[in-house]
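Source file: target_35.json. Holds: JSON, C-alpha atoms (C1' of nucleotides).
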```json
[["chain", "number", "residue", "atom", "x", "y", "z"],
["A", 31, "MET", "CA", -1.85, -8.62, -19.37],
["A", 32, "ASP", "CA", -1.66, -4.99, -18.36],
["A", 33, "ASP", "CA", 2.00, -4.34, -17.68],
["A", 34, "ASP", "CA", 1.31, -0.78, -16.70],
["A", 35, "ALA", "CA", -1.06, -1.64, -13.86],
["A", 36, "VAL", "CA", 1.45, -4.14, -12.50],
["A", 37, "PHE", "CA", 4.37, -1.72, -12.61],
["A", 38, "ARG", "CA", 2.32, 1.03, -11.03],
["A", 39, "ALA", "CA", 1.06, -1.29, -8.33],
["A", 40, "LEU", "CA", 4.60, -2.34, -7.52],
["A", 41, "ALA", "CA", 5.79, 1.27, -7.39],
["A", 42, "ASP", "CA", 4.46, 1.81, -3.88],
["A", 43, "GLY", "CA", 6.39, 0.57, -0.88],
["A", 44, "SER", "CA", 3.29, -0.12, 1.21],
["A", 45, "ARG", "CA", 1.93, -2.35, -1.52],
["A", 46, "ARG", "CA", 5.21, -4.20, -1.86],
["A", 47, "HIS", "CA", 5.11, -4.67, 1.90],
["A", 48, "LEU", "CA", 1.59, -6.09, 1.69],
["A", 49, "LEU", "CA", 2.76, -8.52, -0.97],
["A", 50, "ASP", "CA", 5.61, -9.44, 1.36],
["A", 51, "ARG", "CA", 3.22, -10.22, 4.15],
["A", 52, "LEU", "CA", 0.97, -12.23, 1.88],
["A", 53, "HIS", "CA", 4.02, -14.07, 0.70],
["A", 54, "ARG", "CA", 4.91, -15.02, 4.25],
["A", 55, "LYS", "CA", 1.32, -16.00, 5.03],
["A", 56, "ASN", "CA", -1.22, -16.34, 2.27],
["A", 57, "GLY", "CA", -4.98, -15.92, 2.63],
["A", 58, "GLN", "CA", -5.03, -13.12, 5.20],
["A", 59, "THR", "CA", -8.02, -10.93, 5.97],
["A", 60, "LEU", "CA", -8.01, -7.15, 5.63],
["A", 61, "ALA", "CA", -7.92, -6.65, 9.41],
["A", 62, "GLU", "CA", -5.04, -9.09, 9.69],
["A", 63, "LEU", "CA", -3.09, -7.22, 7.03],
["A", 64, "CYS", "CA", -3.73, -3.95, 8.81],
["A", 65, "ARG", "CA", -2.10, -5.02, 12.04],
["A", 66, "GLY", "CA", 1.12, -3.17, 12.83],
["A", 67, "LEU", "CA", 0.71, -0.74, 9.94],
["A", 68, "GLU", "CA", 0.69, 3.02, 10.44],
["A", 69, "MET", "CA", -2.32, 3.40, 8.22],
["A", 70, "THR", "CA", -6.07, 3.27, 8.44],
["A", 71, "ARG", "CA", -7.94, 0.18, 7.35],
["A", 72, "GLN", "CA", -9.40, 2.13, 4.45],
["A", 73, "ALA", "CA", -5.96, 3.00, 3.15],
["A", 74, "VAL", "CA", -4.91, -0.64, 3.27],
["A", 75, "ALA", "CA", -8.13, -1.61, 1.51],
["A", 76, "LYS", "CA", -7.31, 0.81, -1.29],
["A", 77, "HIS", "CA", -3.85, -0.65, -1.69],
["A", 78, "LEU", "CA", -5.29, -4.14, -1.82],
["A", 79, "LEU", "CA", -7.76, -3.01, -4.47],
["A", 80, "ILE", "CA", -4.95, -1.66, -6.60],
["A", 81, "LEU", "CA", -3.08, -4.92, -6.18],
["A", 82, "GLU", "CA", -6.21, -6.81, -7.18],
["A", 83, "GLU", "CA", -6.73, -4.65, -10.25],
["A", 84, "ALA", "CA", -3.17, -5.37, -11.26],
["A", 85, "ASN", "CA", -3.95, -9.02, -10.75],
["A", 86, "LEU", "CA", -1.19, -9.33, -8.19],
["A", 87, "VAL", "CA", -3.67, -10.34, -5.50],
["A", 88, "SER", "CA", -6.93, -12.22, -5.67],
["A", 89, "SER", "CA", -9.54, -12.31, -2.97],
["A", 90, "LYS", "CA", -12.47, -14.36, -1.80],
["A", 91, "ARG", "CA", -15.28, -13.29, 0.48],
["A", 92, "GLN", "CA", -15.91, -15.79, 3.24],
["A", 93, "GLY", "CA", -18.74, -14.84, 5.52],
["A", 94, "ARG", "CA", -17.97, -11.40, 6.80],
["A", 95, "GLU", "CA", -14.28, -11.75, 6.09],
["A", 96, "LYS", "CA", -12.35, -11.23, 2.90],
["A", 97, "LEU", "CA", -9.34, -13.41, 2.32],
["A", 98, "HIS", "CA", -6.46, -12.20, 0.18],
["A", 99, "PHE", "CA", -4.13, -14.35, -1.88],
["A", 100, "ILE", "CA", -0.97, -13.44, -3.69],
["A", 101, "ASN", "CA", -0.84, -14.15, -7.38],
["A", 102, "PRO", "CA", 2.69, -14.53, -8.69],
["A", 103, "VAL", "CA", 1.80, -14.81, -12.38],
["A", 104, "PRO", "CA", 2.12, -11.13, -13.34],
["A", 105, "ILE", "CA", 5.44, -10.85, -11.54],
["A", 106, "ASN", "CA", 6.54, -13.86, -13.46],
["A", 107, "SER", "CA", 5.45, -12.25, -16.71],
["A", 108, "ILE", "CA", 7.42, -9.14, -15.96],
["A", 109, "ALA", "CA", 10.46, -11.14, -15.11],
["A", 110, "GLU", "CA", 10.14, -13.08, -18.34],
["A", 111, "ARG", "CA", 9.22, -10.28, -20.70],
["A", 112, "TRP", "CA", 11.11, -7.42, -19.19],
["A", 113, "ILE", "CA", 13.96, -8.32, -16.96],
["A", 114, "GLY", "CA", 14.83, -11.24, -19.15],
["A", 115, "LYS", "CA", 14.98, -8.95, -22.14],
["A", 116, "PHE", "CA", 17.44, -6.56, -20.55],
["A", 117, "GLU", "CA", 19.56, -9.30, -19.13],
["A", 118, "ARG", "CA", 19.82, -10.96, -22.50],
["A", 119, "GLY", "CA", 21.17, -7.64, -23.68],
["A", 120, "ARG", "CA", 23.71, -7.69, -20.91],
["A", 121, "LEU", "CA", 24.68, -11.22, -21.70],
["A", 122, "SER", "CA", 25.33, -10.40, -25.31],
["A", 123, "ALA", "CA", 27.30, -7.36, -24.21],
["A", 124, "LEU", "CA", 29.35, -9.62, -21.96],
["A", 125, "SER", "CA", 30.04, -12.08, -24.71],
["A", 126, "LYS", "CA", 31.03, -9.27, -27.05],
["A", 127, "LEU", "CA", 33.40, -7.97, -24.41],
["A", 128, "LYS", "CA", 34.80, -11.41, -23.90],
["A", 129, "LYS", "CA", 35.34, -11.85, -27.62],
["A", 130, "SER", "CA", 37.05, -8.52, -27.97],
["A", 131, "LEU", "CA", 39.28, -9.30, -25.01],
["A", 132, "GLU", "CA", 40.18, -12.60, -26.60],
["A", 133, "GLY", "CA", 40.83, -10.77, -29.82],
["A", 134, "GLU", "CA", 43.26, -8.50, -28.01],
["A", 135, "ARG", "CA", 44.97, -11.39, -26.35],
["A", 136, "HIS", "CA", 45.38, -13.41, -29.52],
["A", 137, "GLY", "CA", 45.86, -10.56, -31.93],
["B", 154, "MET", "CA", 20.69, -0.02, -3.79],
["B", 155, "ASP", "CA", 17.46, 1.91, -3.56],
["B", 156, "ASP", "CA", 14.73, -0.49, -4.56],
["B", 157, "ASP", "CA", 12.10, 2.14, -4.22],
["B", 158, "ALA", "CA", 13.66, 4.51, -6.73],
["B", 159, "VAL", "CA", 13.95, 1.68, -9.22],
["B", 160, "PHE", "CA", 10.34, 0.58, -8.81],
["B", 161, "ARG", "CA", 9.09, 4.14, -9.03],
["B", 162, "ALA", "CA", 11.19, 4.81, -12.10],
["B", 163, "LEU", "CA", 9.80, 1.72, -13.78],
["B", 164, "ALA", "CA", 6.24, 2.69, -12.91],
["B", 165, "ASP", "CA", 5.97, 5.16, -15.75],
["B", 166, "GLY", "CA", 5.26, 3.97, -19.27],
["B", 167, "SER", "CA", 7.26, 6.74, -20.92],
["B", 168, "ARG", "CA", 10.31, 5.77, -18.92],
["B", 169, "ARG", "CA", 9.90, 2.10, -19.76],
["B", 170, "HIS", "CA", 9.64, 3.15, -23.38],
["B", 171, "LEU", "CA", 12.87, 5.12, -23.07],
["B", 172, "LEU", "CA", 14.58, 2.09, -21.60],
["B", 173, "ASP", "CA", 13.20, 0.09, -24.52],
["B", 174, "ARG", "CA", 14.71, 2.48, -27.00],
["B", 175, "LEU", "CA", 18.05, 2.48, -25.19],
["B", 176, "HIS", "CA", 17.91, -1.27, -25.18],
["B", 177, "ARG", "CA", 17.48, -1.32, -28.93],
["B", 178, "LYS", "CA", 20.22, 1.25, -29.43],
["B", 179, "ASN", "CA", 22.48, 2.21, -26.59],
["B", 180, "GLY", "CA", 24.30, 5.51, -26.17],
["B", 181, "GLN", "CA", 21.68, 7.83, -27.64],
["B", 182, "THR", "CA", 21.57, 11.58, -27.14],
["B", 183, "LEU", "CA", 18.66, 13.42, -25.57],
["B", 184, "ALA", "CA", 17.53, 14.82, -28.93],
["B", 185, "GLU", "CA", 17.67, 11.35, -30.46],
["B", 186, "LEU", "CA", 15.54, 9.94, -27.66],
["B", 187, "CYS", "CA", 13.02, 12.72, -28.13],
["B", 188, "ARG", "CA", 12.30, 11.91, -31.76],
["B", 189, "GLY", "CA", 8.82, 10.58, -32.37],
["B", 190, "LEU", "CA", 7.68, 11.24, -28.81],
["B", 191, "GLU", "CA", 4.64, 13.38, -28.01],
["B", 192, "MET", "CA", 6.50, 15.24, -25.35],
["B", 193, "THR", "CA", 8.78, 18.22, -25.00],
["B", 194, "ARG", "CA", 12.53, 17.75, -24.75],
["B", 195, "GLN", "CA", 12.38, 18.98, -21.16],
["B", 196, "ALA", "CA", 9.91, 16.29, -20.21],
["B", 197, "VAL", "CA", 12.13, 13.61, -21.70],
["B", 198, "ALA", "CA", 15.13, 15.08, -19.87],
["B", 199, "LYS", "CA", 13.23, 14.80, -16.60],
["B", 200, "HIS", "CA", 12.41, 11.17, -17.27],
["B", 201, "LEU", "CA", 16.03, 10.45, -18.07],
["B", 202, "LEU", "CA", 17.10, 12.14, -14.85],
["B", 203, "ILE", "CA", 14.74, 9.94, -12.87],
["B", 204, "LEU", "CA", 16.13, 6.89, -14.63],
["B", 205, "GLU", "CA", 19.65, 8.05, -13.83],
["B", 206, "GLU", "CA", 18.80, 8.61, -10.19],
["B", 207, "ALA", "CA", 17.43, 5.09, -10.05],
["B", 208, "ASN", "CA", 20.70, 3.99, -11.60],
["B", 209, "LEU", "CA", 18.85, 2.46, -14.53],
["B", 210, "VAL", "CA", 20.61, 4.74, -16.98],
["B", 211, "SER", "CA", 24.05, 6.30, -16.94],
["B", 212, "SER", "CA", 25.17, 9.20, -19.07],
["B", 213, "LYS", "CA", 28.30, 10.82, -20.36],
["B", 214, "ARG", "CA", 28.70, 14.32, -21.69],
["B", 215, "GLN", "CA", 30.54, 14.41, -24.99],
["B", 216, "GLY", "CA", 31.07, 17.88, -26.35],
["B", 217, "ARG", "CA", 27.65, 19.45, -26.49],
["B", 218, "GLU", "CA", 25.89, 16.11, -26.56],
["B", 219, "LYS", "CA", 24.92, 13.85, -23.70],
["B", 220, "LEU", "CA", 24.96, 10.15, -24.38],
["B", 221, "HIS", "CA", 22.68, 7.81, -22.44],
["B", 222, "PHE", "CA", 23.38, 4.20, -21.62],
["B", 223, "ILE", "CA", 21.13, 1.59, -20.13],
["B", 224, "ASN", "CA", 22.28, -0.10, -16.95],
["B", 225, "PRO", "CA", 20.69, -3.49, -16.36],
["B", 226, "VAL", "CA", 22.18, -4.08, -12.91],
["B", 227, "PRO", "CA", 19.32, -2.66, -10.79],
["B", 228, "ILE", "CA", 16.78, -4.64, -12.76],
["B", 229, "ASN", "CA", 18.86, -7.68, -12.09],
["B", 230, "SER", "CA", 18.94, -6.83, -8.38],
["B", 231, "ILE", "CA", 15.18, -6.66, -8.31],
["B", 232, "ALA", "CA", 15.01, -10.00, -10.00],
["B", 233, "GLU", "CA", 17.38, -11.39, -7.42],
["B", 234, "ARG", "CA", 16.05, -9.81, -4.28],
["B", 235, "TRP", "CA", 12.40, -9.40, -4.98],
["B", 236, "ILE", "CA", 10.82, -11.14, -7.89],
["B", 237, "GLY", "CA", 13.03, -14.13, -7.35],
["B", 238, "LYS", "CA", 11.72, -14.38, -3.82],
["B", 239, "PHE", "CA", 8.15, -14.78, -4.98],
["B", 240, "GLU", "CA", 8.89, -17.13, -7.77],
["B", 241, "ARG", "CA", 11.70, -19.20, -6.34],
["B", 242, "GLY", "CA", 11.56, -22.56, -7.97],
["B", 243, "ARG", "CA", 8.80, -21.72, -10.38],
["B", 244, "LEU", "CA", 10.31, -18.83, -12.23],
["B", 245, "SER", "CA", 12.58, -20.06, -14.94],
["B", 246, "ALA", "CA", 14.07, -16.76, -16.13],
["B", 247, "LEU", "CA", 16.20, -16.19, -13.09],
["B", 248, "SER", "CA", 17.68, -19.62, -12.86],
["B", 249, "LYS", "CA", 18.29, -19.65, -16.58],
["B", 250, "LEU", "CA", 20.03, -16.34, -16.23],
["B", 251, "LYS", "CA", 22.19, -17.57, -13.40],
["B", 252, "LYS", "CA", 23.11, -20.68, -15.31],
["B", 253, "SER", "CA", 24.05, -18.81, -18.42],
["B", 254, "LEU", "CA", 26.10, -16.30, -16.44],
["B", 255, "GLU", "CA", 27.91, -19.12, -14.72],
["B", 256, "GLY", "CA", 28.38, -20.81, -18.05],
["B", 257, "GLU", "CA", 30.02, -17.72, -19.47],
["B", 258, "ARG", "CA", 32.22, -17.24, -16.48],
["B", 259, "HIS", "CA", 33.40, -20.79, -16.21],
["B", 260, "GLY", "CA", 33.22, -21.77, -19.86],
["C", 73, "DC", "C1'", -32.88, -9.40, 18.45],
["C", 74, "DC", "C1'", -28.81, -6.74, 19.10],
["C", 75, "DG", "C1'", -24.23, -5.36, 19.80],
["C", 76, "DA", "C1'", -19.69, -6.12, 18.17],
["C", 77, "DC", "C1'", -16.90, -7.05, 14.43],
["C", 78, "DA", "C1'", -15.42, -7.13, 9.25],
["C", 79, "DG", "C1'", -15.61, -4.65, 5.54],
["C", 80, "DG", "C1'", -17.47, -1.11, 1.70],
["C", 81, "DC", "C1'", -18.37, 3.57, -0.06],
["C", 82, "DA", "C1'", -17.75, 8.45, -0.82],
["C", 83, "DA", "C1'", -16.11, 12.96, 0.02],
["C", 84, "DC", "C1'", -12.33, 15.37, 1.05],
["C", 85, "DC", "C1'", -7.24, 16.96, 1.67],
["C", 86, "DA", "C1'", -2.33, 17.38, 0.82],
["C", 87, "DT", "C1'", 1.38, 16.32, -1.72],
["C", 88, "DA", "C1'", 3.87, 14.26, -5.51],
["C", 89, "DA", "C1'", 4.35, 13.62, -10.25],
["C", 90, "DA", "C1'", 4.01, 14.60, -15.32],
["C", 91, "DG", "C1'", 4.27, 17.95, -18.38],
["C", 92, "DT", "C1'", 4.43, 22.73, -20.04],
["C", 93, "DT", "C1'", 6.52, 27.46, -21.14],
["C", 94, "DG", "C1'", 10.27, 30.55, -21.10],
["C", 95, "DC", "C1'", 14.83, 31.58, -20.87],
["C", 96, "DC", "C1'", 19.91, 30.69, -20.21],
["C", 97, "DT", "C1'", 24.58, 28.34, -21.29],
["C", 98, "DA", "C1'", 27.86, 25.85, -23.95],
["C", 99, "DT", "C1'", 29.51, 23.84, -28.18],
["C", 100, "DT", "C1'", 29.99, 23.40, -33.14],
["C", 101, "DC", "C1'", 30.97, 25.04, -37.64],
["C", 102, "DA", "C1'", 30.32, 27.95, -41.82],
["D", 259, "DT", "C1'", 32.29, 35.80, -34.98],
["D", 260, "DG", "C1'", 27.72, 34.55, -34.91],
["D", 261, "DA", "C1'", 23.82, 31.57, -36.06],
["D", 262, "DA", "C1'", 22.37, 26.99, -35.30],
["D", 263, "DT", "C1'", 22.43, 23.11, -32.34],
["D", 264, "DA", "C1'", 22.38, 20.44, -27.81],
["D", 265, "DG", "C1'", 21.24, 20.72, -23.52],
["D", 266, "DG", "C1'", 20.21, 22.84, -18.48],
["D", 267, "DC", "C1'", 17.34, 25.39, -15.10],
["D", 268, "DA", "C1'", 13.30, 27.09, -12.91],
["D", 269, "DA", "C1'", 8.56, 28.45, -12.30],
["D", 270, "DC", "C1'", 4.16, 27.06, -13.15],
["D", 271, "DT", "C1'", -0.26, 24.12, -14.12],
["D", 272, "DT", "C1'", -2.78, 20.10, -13.80],
["D", 273, "DT", "C1'", -3.81, 15.74, -12.50],
["D", 274, "DA", "C1'", -2.71, 11.34, -9.88],
["D", 275, "DT", "C1'", -1.94, 9.39, -5.66],
["D", 276, "DG", "C1'", -1.86, 8.24, -0.77],
["D", 277, "DG", "C1'", -4.16, 9.06, 3.01],
["D", 278, "DT", "C1'", -7.88, 10.70, 6.07],
["D", 279, "DT", "C1'", -12.70, 11.10, 8.25],
["D", 280, "DG", "C1'", -17.42, 9.78, 8.49],
["D", 281, "DC", "C1'", -20.95, 6.82, 7.73],
["D", 282, "DC", "C1'", -23.36, 2.62, 5.85],
["D", 283, "DT", "C1'", -24.01, -2.58, 5.09],
["D", 284, "DG", "C1'", -23.56, -7.24, 6.20],
["D", 285, "DT", "C1'", -22.57, -11.10, 9.33],
["D", 286, "DC", "C1'", -21.62, -13.57, 13.52],
["D", 287, "DG", "C1'", -22.45, -14.94, 18.39],
["D", 288, "DG", "C1'", -24.88, -14.56, 22.73]]
```
Turn this file's structure into structure tokens for me.
Amino acid sequence: MDDDAVFRALADGSRRHLLDRLHRKNGQTLAELCRGLEMTRQAVAKHLLILEEANLVSSKRQGREKLHFINPVPINSIAERWIGKFERGRLSALSKLKKSLEGERHG
Amino acid sequence: MDDDAVFRALADGSRRHLLDRLHRKNGQTLAELCRGLEMTRQAVAKHLLILEEANLVSSKRQGREKLHFINPVPINSIAERWIGKFERGRLSALSKLKKSLEGERHG
DNA sequence: CCGACAGGCAACCATAAAGTTGCCTATTCA
DNA sequence: TGAATAGGCAACTTTATGGTTGCCTGTCGG
């Protein structure tokens, strides 16, 4: 999996917003996703392409429409491989702190 | 908390690498963090500033050195507020994290 | 068949971002 | 005290990025 593409895709607020909307209602068309946005259709299409390339969104052509689906797997991977890693660090820091506090109390 | 700054800070591979190095060894100086990187000191300093502004890193001046420390809290917030949202129920990392935190607190 | 609708493609523009060079300040220590 | 060390500041270059306009293709319904 290409971590970098995922992180870069998530870096943009408009793209996070698109993921939000897909999360609320999956399988939307491009036109549907454009509604209410201060952006041209082409701009939205570019964002969706970037999300697709990062594997955060998959799409399926149906007739003249293109349906978009959110794909949570890469986010999951990041959470597992990245956030988990740092939080484990924090946990061990916490337990060290706790031990040293106990040491102070008892020593 | 400014989600956007955090996401944008994480979008760059060099900055993720810096976080990695701080995760392996916390409290490093700028010069220390520069070693082995194909980048000028000034470039690294800029990256560290961006990480600080996103609250992912904190620093403390000590004499003529500046020590850098990783701060996992914003990453945790993202996990809670964002990634957790998409993966609620399916993502194990977050719930494991919560459980272990609760375990430490109450145990 | 044809017009309206959904989307794709490419060129272009403006700004943000990554990185550089050059120089300045503050601390350490021989 | 002064050279070496650690870092800060600012201007500049280059390249990525977000967004636009304009036009083309494909598909649906009357």
Write out as JSON lines the residues of chain D that have any atom within 9 Å of an atom of chain A, one row each with the nearest atom pair and its distance in Å to one decimal, counting all atoms listed in the file, sorted by chain and then rising number.
```
{"residue": "D:DG276", "atom": "C1'", "partner": "A:Ala73", "partner_atom": "CA", "distance": 7.7}
{"residue": "D:DG277", "atom": "C1'", "partner": "A:Ala73", "partner_atom": "CA", "distance": 6.3}
{"residue": "D:DT278", "atom": "C1'", "partner": "A:Thr70", "partner_atom": "CA", "distance": 8.0}
{"residue": "D:DG284", "atom": "C1'", "partner": "A:Arg94", "partner_atom": "CA", "distance": 7.0}
{"residue": "D:DT285", "atom": "C1'", "partner": "A:Arg94", "partner_atom": "CA", "distance": 5.3}
{"residue": "D:DC286", "atom": "C1'", "partner": "A:Arg94", "partner_atom": "CA", "distance": 7.9}
```
Hey, can you spit out that residue selection with C-alpha atoms (C1' of nucleotides) as a PDB file, in the frame of the given file?
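Okay, again-v7.pdb is ready:
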```pdb
ATOM      1  C1'  DG D 276      -1.860   8.240  -0.770  1.00  0.00           C
ATOM      2  C1'  DG D 277      -4.160   9.060   3.010  1.00  0.00           C
ATOM      3  C1'  DT D 278      -7.880  10.700   6.070  1.00  0.00           C
ATOM      4  C1'  DG D 284     -23.560  -7.240   6.200  1.00  0.00           C
ATOM      5  C1'  DT D 285     -22.570 -11.100   9.330  1.00  0.00           C
ATOM      6  C1'  DC D 286     -21.620 -13.570  13.520  1.00  0.00           C
TER       7       DC D 286
END
```
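Closest to chain B among C:DA78, C:DC95, C:DC85, C:DA90 is C:DA90, based on only C-alpha atoms (C1' of nucleotides).
Comparing the minimum interatomic distances between chain A and each of B:Val159, B:Ala164, B:Leu201, B:Leu175, counting all atoms listed in the file, we find that B:Ala164 sits nearest.
Relative to C1' of DT271 in chain D, CA of Thr182 in chain B is found at 28.3 Å.
For the set C:DC101, C:DC96, C:DT87, C:DA82, the residue with the smallest atom-to-atom gap to DT279 in chain D is C:DA82, counting only C-alpha atoms (C1' of nucleotides).
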Which residues of chain C come within 7 Å of chain B, and for each one, what is the closest pair of atoms and their distance in Å to one decimal, counting all atoms listed in the file, sorted by chain and residue number, as a Markdown table?
```
| residue | atom | partner | partner_atom | distance |
| --- | --- | --- | --- | --- |
| C:DG91 | C1' | B:Ala196 | CA | 6.2 |
| C:DA98 | C1' | B:Arg217 | CA | 6.9 |
| C:DT99 | C1' | B:Arg217 | CA | 5.1 |
```
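The spacing separating C1' of DG287 in chain D from CA of Ala75 in chain A amounts to 25.8 Å.
Interatomic distance, CA of Cys64 in chain A to CA of Ser230 in chain B: 28.6 Å.
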Find the residues around DC282 in chain D up to 12 Å (only C-alpha atoms (C1' of nucleotides) counted), leave out those fewer than 5 positions away in its own chain, and share them as a PyMOL selection string.
-> chain C and resi 79-82
